[in-house]
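So this block is my_file-v6.tsv, TSV, C-alpha atoms:
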chain	number	residue	atom	x	y	z
A	19	MET	CA	7.72	1.20	10.12
A	20	LYS	CA	10.29	3.40	11.87
A	21	LYS	CA	8.98	2.35	15.29
A	22	GLY	CA	10.16	-1.16	14.45
A	23	LEU	CA	13.76	0.02	14.29
A	24	LEU	CA	14.18	0.08	18.08
A	25	PRO	CA	13.20	-3.59	18.53
A	26	LEU	CA	15.33	-4.47	15.50
A	27	LEU	CA	18.36	-2.76	17.04
A	28	MET	CA	17.84	-4.60	20.31
A	29	ILE	CA	17.38	-7.94	18.54
A	30	ALA	CA	20.61	-7.30	16.61
A	31	LEU	CA	22.43	-6.54	19.86
A	32	PHE	CA	20.90	-9.64	21.46
A	33	TYR	CA	22.27	-11.86	18.69
A	34	SER	CA	25.58	-10.01	18.47
A	35	ASP	CA	26.78	-11.65	21.68
A	36	SER	CA	26.40	-15.17	20.29
A	37	VAL	CA	27.55	-14.23	16.78
A	38	PHE	CA	30.71	-12.75	18.26
A	39	MET	CA	31.41	-16.04	20.03
A	40	LEU	CA	31.08	-17.89	16.72
A	41	PHE	CA	33.93	-15.83	15.27
A	42	PHE	CA	35.88	-15.57	18.53
A	43	PRO	CA	35.59	-18.96	20.24
A	44	GLU	CA	36.71	-19.62	23.81
A	45	ASN	CA	39.76	-21.62	22.75
A	46	VAL	CA	41.42	-18.64	21.03
A	47	PHE	CA	43.60	-18.09	24.10
A	48	ASP	CA	43.96	-21.85	24.77
A	49	GLY	CA	41.40	-21.54	27.56
A	50	ALA	CA	43.59	-19.14	29.55
A	51	TYR	CA	41.08	-16.32	29.08
A	52	VAL	CA	37.34	-16.56	28.55
A	53	PRO	CA	35.98	-13.12	27.64
A	54	ALA	CA	32.20	-12.81	27.54
A	55	PRO	CA	30.64	-10.26	25.22
A	56	HIS	CA	27.88	-8.22	26.84
A	57	PHE	CA	27.04	-6.06	23.84
A	58	PHE	CA	23.32	-6.36	24.50
A	59	ILE	CA	23.76	-5.17	28.08
A	60	ILE	CA	25.74	-2.17	26.87
A	61	GLY	CA	22.99	-1.37	24.37
A	62	LEU	CA	20.36	-1.77	27.08
A	63	LEU	CA	22.27	0.64	29.32
A	64	PHE	CA	22.51	3.16	26.50
A	65	MET	CA	18.76	2.78	26.01
A	66	SER	CA	18.14	3.48	29.69
A	67	VAL	CA	20.17	6.69	29.63
A	68	PHE	CA	19.58	8.10	26.15
A	69	TYR	CA	16.08	6.83	25.37
A	70	ASP	CA	13.81	5.77	28.26
A	71	ARG	CA	14.53	3.92	31.50
A	72	ASN	CA	11.12	2.21	31.72
A	73	THR	CA	11.35	0.91	28.16
A	74	ALA	CA	14.85	-0.38	28.89
A	75	ILE	CA	13.57	-2.17	32.00
A	76	LYS	CA	10.83	-3.84	29.94
A	77	TYR	CA	13.38	-4.89	27.32
A	78	GLY	CA	15.57	-6.14	30.18
A	79	PHE	CA	12.81	-8.41	31.43
A	80	LEU	CA	11.91	-9.68	27.94
A	81	PHE	CA	15.42	-10.28	26.68
A	82	GLY	CA	16.57	-11.47	30.09
A	83	PHE	CA	13.97	-14.21	29.86
A	84	LEU	CA	15.18	-15.04	26.34
A	85	PHE	CA	18.81	-15.12	27.50
A	86	ASP	CA	17.88	-17.48	30.31
A	87	LEU	CA	15.82	-19.64	28.00
A	88	PHE	CA	18.36	-19.99	25.18
A	89	TYR	CA	21.80	-19.46	26.68
A	90	THR	CA	21.76	-20.44	30.35
A	91	GLU	CA	20.37	-23.29	32.34
A	92	LEU	CA	19.75	-21.02	35.31
A	93	LEU	CA	16.32	-19.49	34.76
A	94	GLY	CA	16.00	-16.08	36.35
A	95	ALA	CA	19.59	-14.83	36.43
A	96	TYR	CA	19.26	-12.58	33.41
A	97	LEU	CA	15.50	-12.11	33.85
A	98	PHE	CA	15.85	-10.39	37.21
A	99	PHE	CA	19.32	-8.90	37.11
A	100	LEU	CA	19.21	-7.17	33.69
A	101	PRO	CA	16.39	-4.85	34.82
A	102	LEU	CA	18.20	-4.32	38.13
A	103	ILE	CA	21.38	-3.28	36.30
A	104	VAL	CA	19.32	-0.91	34.11
A	105	TYR	CA	17.76	0.66	37.19
A	106	ILE	CA	21.13	1.05	38.94
A	107	THR	CA	22.61	2.67	35.84
A	108	SER	CA	19.75	5.11	35.43
A	109	LYS	CA	20.12	6.21	39.05
A	110	LEU	CA	23.91	6.48	38.88
A	111	THR	CA	23.85	8.57	35.70
A	112	LYS	CA	21.37	10.98	37.28
A	113	TRP	CA	23.45	11.22	40.43
A	114	LEU	CA	26.81	11.60	38.64
A	115	GLN	CA	27.62	13.83	35.68
A	116	SER	CA	26.90	11.70	32.64
A	117	THR	CA	29.95	12.22	30.44
A	118	PHE	CA	31.31	9.49	28.19
A	119	VAL	CA	34.11	8.74	30.65
A	120	ILE	CA	31.79	8.51	33.66
A	121	PHE	CA	29.31	6.42	31.67
A	122	PHE	CA	32.20	4.17	30.58
A	123	ILE	CA	33.12	3.58	34.24
A	124	ILE	CA	29.48	2.95	35.16
A	125	ILE	CA	29.10	0.42	32.35
A	126	LEU	CA	32.26	-1.43	33.37
A	127	PHE	CA	31.03	-1.41	36.98
A	128	ASP	CA	27.66	-2.81	35.84
A	129	ILE	CA	29.26	-5.55	33.75
A	130	ALA	CA	31.58	-6.50	36.62
A	131	LEU	CA	28.63	-6.55	39.02
A	132	PHE	CA	26.57	-8.64	36.62
A	133	GLU	CA	29.41	-11.12	36.02
A	134	MET	CA	29.96	-11.51	39.77
A	135	ILE	CA	26.23	-12.03	40.38
A	136	VAL	CA	26.06	-14.74	37.71
A	137	TYR	CA	29.27	-16.30	39.08
A	138	GLY	CA	27.82	-16.26	42.59
A	139	LEU	CA	24.59	-17.88	41.41
A	140	ASN	CA	26.52	-20.56	39.54
A	141	LEU	CA	28.61	-21.17	42.65
A	142	LEU	CA	25.46	-21.34	44.75
A	143	VAL	CA	23.83	-24.02	42.58
A	144	GLN	CA	27.16	-25.78	42.14
A	145	ARG	CA	27.43	-25.28	38.38
A	146	THR	CA	31.04	-24.13	38.71
A	147	GLU	CA	33.99	-25.18	40.80
A	148	VAL	CA	36.23	-22.27	39.85
A	149	SER	CA	37.39	-20.26	42.83
A	150	PHE	CA	37.16	-16.47	42.85
A	151	GLU	CA	40.78	-15.63	41.92
A	152	PRO	CA	40.81	-17.73	38.72
A	153	PHE	CA	37.36	-16.39	37.86
A	154	VAL	CA	38.68	-12.83	38.08
A	155	SER	CA	41.81	-13.47	36.02
A	156	MET	CA	40.28	-15.84	33.45
A	157	ARG	CA	36.80	-14.38	33.05
A	158	LEU	CA	36.22	-10.99	34.66
A	159	TYR	CA	39.27	-9.03	33.45
A	160	PRO	CA	39.06	-10.31	29.84
A	161	THR	CA	35.32	-9.62	29.82
A	162	LEU	CA	35.85	-6.07	31.01
A	163	ALA	CA	38.59	-5.53	28.40
A	164	LEU	CA	36.43	-6.85	25.55
A	165	ASN	CA	33.41	-4.79	26.54
A	166	ALA	CA	35.57	-1.69	27.10
A	167	LEU	CA	36.79	-2.03	23.53
A	168	TYR	CA	33.21	-2.42	22.32
A	169	TYR	CA	32.21	0.71	24.24
A	170	ILE	CA	35.08	2.70	22.75
A	171	LEU	CA	34.10	1.64	19.23
A	172	PHE	CA	30.31	1.95	19.49
A	173	ALA	CA	29.50	4.51	22.20
A	174	ILE	CA	28.85	7.40	19.82
A	175	PRO	CA	26.80	5.40	17.27
A	176	LEU	CA	24.69	3.86	20.05
A	177	ARG	CA	24.13	7.20	21.76
A	178	ASN	CA	23.15	8.83	18.46
A	179	ALA	CA	20.77	6.00	17.59
A	180	PHE	CA	18.96	6.14	20.92
A	181	GLN	CA	18.79	9.93	20.87
A	182	LYS	CA	17.22	9.77	17.40
A	183	PHE	CA	14.69	7.24	18.67
A	184	LYS	CA	13.89	9.52	21.60
A	185	ASN	CA	13.46	12.56	19.35
A	186	LYS	CA	11.15	10.69	16.97
A	187	PHE	CA	9.16	8.47	19.31
A	188	GLY	CA	9.79	9.65	22.85

Would you give me this structure, written as structure tokens?
Amino acid sequence: MKKGLLPLLMIALFYSDSVFMLFFPENVFDGAYVPAPHFFIIGLLFMSVFYDRNTAIKYGFLFGFLFDLFYTELLGAYLFFLPLIVYITSKLTKWLQSTFVIFFIIILFDIALFEMIVYGLNLLVQRTEVSFEPFVSMRLYPTLALNALYYILFAIPLRNAFQKFKNKFG
């Protein structure tokens, strides 16, 4: 029964992105800012550092496919780039000292990288006409601010949860 808690946590994080958007719709700022919650990605990165990188990569593939299937029309963006972001994070945290501040910077870097990859793919397949400067001011900065706030609020509970999973099942 307790082994089912890890998938349950990841499913909750998966749905938290869309549930957040129900309560915080895009028109809150009259369309001037469009923050994107990446709570699942943050949880996945915590899993890669505080639980197991290989498990996080598998979850990245699975939930990346689900993200692509349900939320995007561009199959493969999340499927391939979520595991890549997990791998990059695991290598960076081993190379750098993994304090909360350094991990915070790594997560913001990963989210910025991910947003720019998705923006680039959308630009490539002509699903967006927004130039880079408006993308940065309307989407990237608000997204980083929102996810930074989420990190500040939930870093310790997420770390503790994944460390408990590692101690019990890892």

Residues of region 26-89 of chain A at most 9 Å from region 106-118 of chain A: nearest atom pair and distance in Å, all atoms listed in the file, as a Markdown table:
| residue | atom | partner | partner_atom | distance |
| --- | --- | --- | --- | --- |
| A:Leu63 | CA | A:Thr107 | CA | 6.8 |
| A:Ser66 | CA | A:Ser108 | CA | 6.2 |
| A:Val67 | CA | A:Ser108 | CA | 6.0 |
| A:Arg71 | CA | A:Ser108 | CA | 6.6 |

Could you save those same residues with C-alpha atoms as a PDB file, in the frame of the given file?
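Below you can see selection_37.pdb, which holds the result:
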ATOM      1  CA  LEU A  63      22.270   0.640  29.320  1.00  0.00           C
ATOM      2  CA  SER A  66      18.140   3.480  29.690  1.00  0.00           C
ATOM      3  CA  VAL A  67      20.170   6.690  29.630  1.00  0.00           C
ATOM      4  CA  ARG A  71      14.530   3.920  31.500  1.00  0.00           C
TER       5      ARG A  71
END

inquiry  = Please report the interatomic distance between CA of Leu176 (chain A) and CA of Val52 (chain A) in Å with one decimal.
reply    = 25.5 Å

message = Would you compute the distance between CA of Ala50 (chain A) and CA of Arg157 (chain A)? Give it in Å to one decimal.
response =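 Spanning CA of Ala50 (chain A) to CA of Arg157 (chain A) is a straight-line distance of 9.0 Å.
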
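Taking CA of Ser36 (chain A) and CA of Ile125 (chain A) as the two end points, the separation is 19.9 Å.
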
inquiry  = The residues within 8 Å of (22.5, -10.3, 24.0), using all atoms listed in the file and the coordinates of the file, should be reported as a list in words; which are they?
reply    =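 Residues lying no farther than 8 Å from the given point: Ile29, Leu31, Phe32, Tyr33, Ser34, Asp35, Ser36, His56, Phe57, Phe58, Ile59, Phe81 and Phe85 of chain A.
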
For the contact check between region 45-120 of chain A and region 181-187 of chain A, emit one row per residue of region 45-120 of chain A within 8 Å, containing the shortest atom pair and the distance in Å rounded to one decimal, counting all atoms listed in the file, chain then rising number order, as CSV.
residue,atom,partner,partner_atom,distance
A:Phe68,CA,A:Gln181,CA,5.6
A:Tyr69,CA,A:Lys184,CA,5.1
A:Asp70,CA,A:Lys184,CA,7.6

query = Which of these, A:Leu164, A:Leu27, A:Val46, A:Leu158, has the shortest distance to Phe64 (chain A) once you count only C-alpha atoms?
reply =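 Closest candidate: A:Leu27.
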
task = Between A:Asn72, A:Asp86, A:Gly94, A:Phe132, single out the one closest to Leu162 (chain A), counting only C-alpha atoms.
result =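 Closest to Leu162 (chain A), using only C-alpha atoms: A:Phe132.
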
Could you check which residues have any atom within 12 Å of (15.0, -9.4, 30.7), counting all atoms listed in the file with coordinates taken straight from the file, and then list them as a PDB file with C-alpha atoms, in the frame of the given file?
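The resulting file, point-v4.pdb, is reproduced below:
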ATOM      1  CA  MET A  28      17.840  -4.600  20.310  1.00  0.00           C
ATOM      2  CA  PHE A  32      20.900  -9.640  21.460  1.00  0.00           C
ATOM      3  CA  PHE A  58      23.320  -6.360  24.500  1.00  0.00           C
ATOM      4  CA  ILE A  59      23.760  -5.170  28.080  1.00  0.00           C
ATOM      5  CA  LEU A  62      20.360  -1.770  27.080  1.00  0.00           C
ATOM      6  CA  THR A  73      11.350   0.910  28.160  1.00  0.00           C
ATOM      7  CA  ALA A  74      14.850  -0.380  28.890  1.00  0.00           C
ATOM      8  CA  ILE A  75      13.570  -2.170  32.000  1.00  0.00           C
ATOM      9  CA  LYS A  76      10.830  -3.840  29.940  1.00  0.00           C
ATOM     10  CA  TYR A  77      13.380  -4.890  27.320  1.00  0.00           C
ATOM     11  CA  GLY A  78      15.570  -6.140  30.180  1.00  0.00           C
ATOM     12  CA  PHE A  79      12.810  -8.410  31.430  1.00  0.00           C
ATOM     13  CA  LEU A  80      11.910  -9.680  27.940  1.00  0.00           C
ATOM     14  CA  PHE A  81      15.420 -10.280  26.680  1.00  0.00           C
ATOM     15  CA  GLY A  82      16.570 -11.470  30.090  1.00  0.00           C
ATOM     16  CA  PHE A  83      13.970 -14.210  29.860  1.00  0.00           C
ATOM     17  CA  LEU A  84      15.180 -15.040  26.340  1.00  0.00           C
ATOM     18  CA  PHE A  85      18.810 -15.120  27.500  1.00  0.00           C
ATOM     19  CA  ASP A  86      17.880 -17.480  30.310  1.00  0.00           C
ATOM     20  CA  LEU A  87      15.820 -19.640  28.000  1.00  0.00           C
ATOM     21  CA  LEU A  93      16.320 -19.490  34.760  1.00  0.00           C
ATOM     22  CA  GLY A  94      16.000 -16.080  36.350  1.00  0.00           C
ATOM     23  CA  ALA A  95      19.590 -14.830  36.430  1.00  0.00           C
ATOM     24  CA  TYR A  96      19.260 -12.580  33.410  1.00  0.00           C
ATOM     25  CA  LEU A  97      15.500 -12.110  33.850  1.00  0.00           C
ATOM     26  CA  PHE A  98      15.850 -10.390  37.210  1.00  0.00           C
ATOM     27  CA  PHE A  99      19.320  -8.900  37.110  1.00  0.00           C
ATOM     28  CA  LEU A 100      19.210  -7.170  33.690  1.00  0.00           C
ATOM     29  CA  PRO A 101      16.390  -4.850  34.820  1.00  0.00           C
ATOM     30  CA  LEU A 102      18.200  -4.320  38.130  1.00  0.00           C
ATOM     31  CA  ILE A 103      21.380  -3.280  36.300  1.00  0.00           C
ATOM     32  CA  VAL A 104      19.320  -0.910  34.110  1.00  0.00           C
TER      33      VAL A 104
END

So that all listed atoms of region 45-60 of chain A fit with 6 Å spare on each side, what axis-aligned box centre and edge lengths in Å, to one decimal, would you give as AutoDock Vina command-line options?
--center_x 33.6 --center_y -12.0 --center_z 25.3 --size_x 32.6 --size_y 31.7 --size_z 20.5

ask   = So, counting all atoms listed in the file, which residue among A:Leu171, A:Leu92, A:Leu126, A:Ala163 is closest to Asn140 (chain A)?
value =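 Comparing A:Leu171, A:Leu92, A:Leu126, A:Ala163 against Asn140 (chain A), the winner is A:Leu92.
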
task = For each of A:Met156, A:Gly22, A:Phe121, A:Phe42, take the minimum atom-to-atom distance to Ile174 (chain A), counting only C-alpha atoms, then give the residue where this is smallest.
result = A:Phe121

note = Among A:Asn178, A:Leu26, A:Gly138, A:Tyr169, Ile124 (chain A) is approached most closely, using only C-alpha atoms, by A:Tyr169

ask   = Between A:Ile120, A:Leu24, A:Val143, A:Leu167, which one has atoms that come closest to Phe180 (chain A), using only C-alpha atoms?
value =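 Of A:Ile120, A:Leu24, A:Val143, A:Leu167, the one nearest Phe180 (chain A) is A:Leu24, counting only C-alpha atoms.
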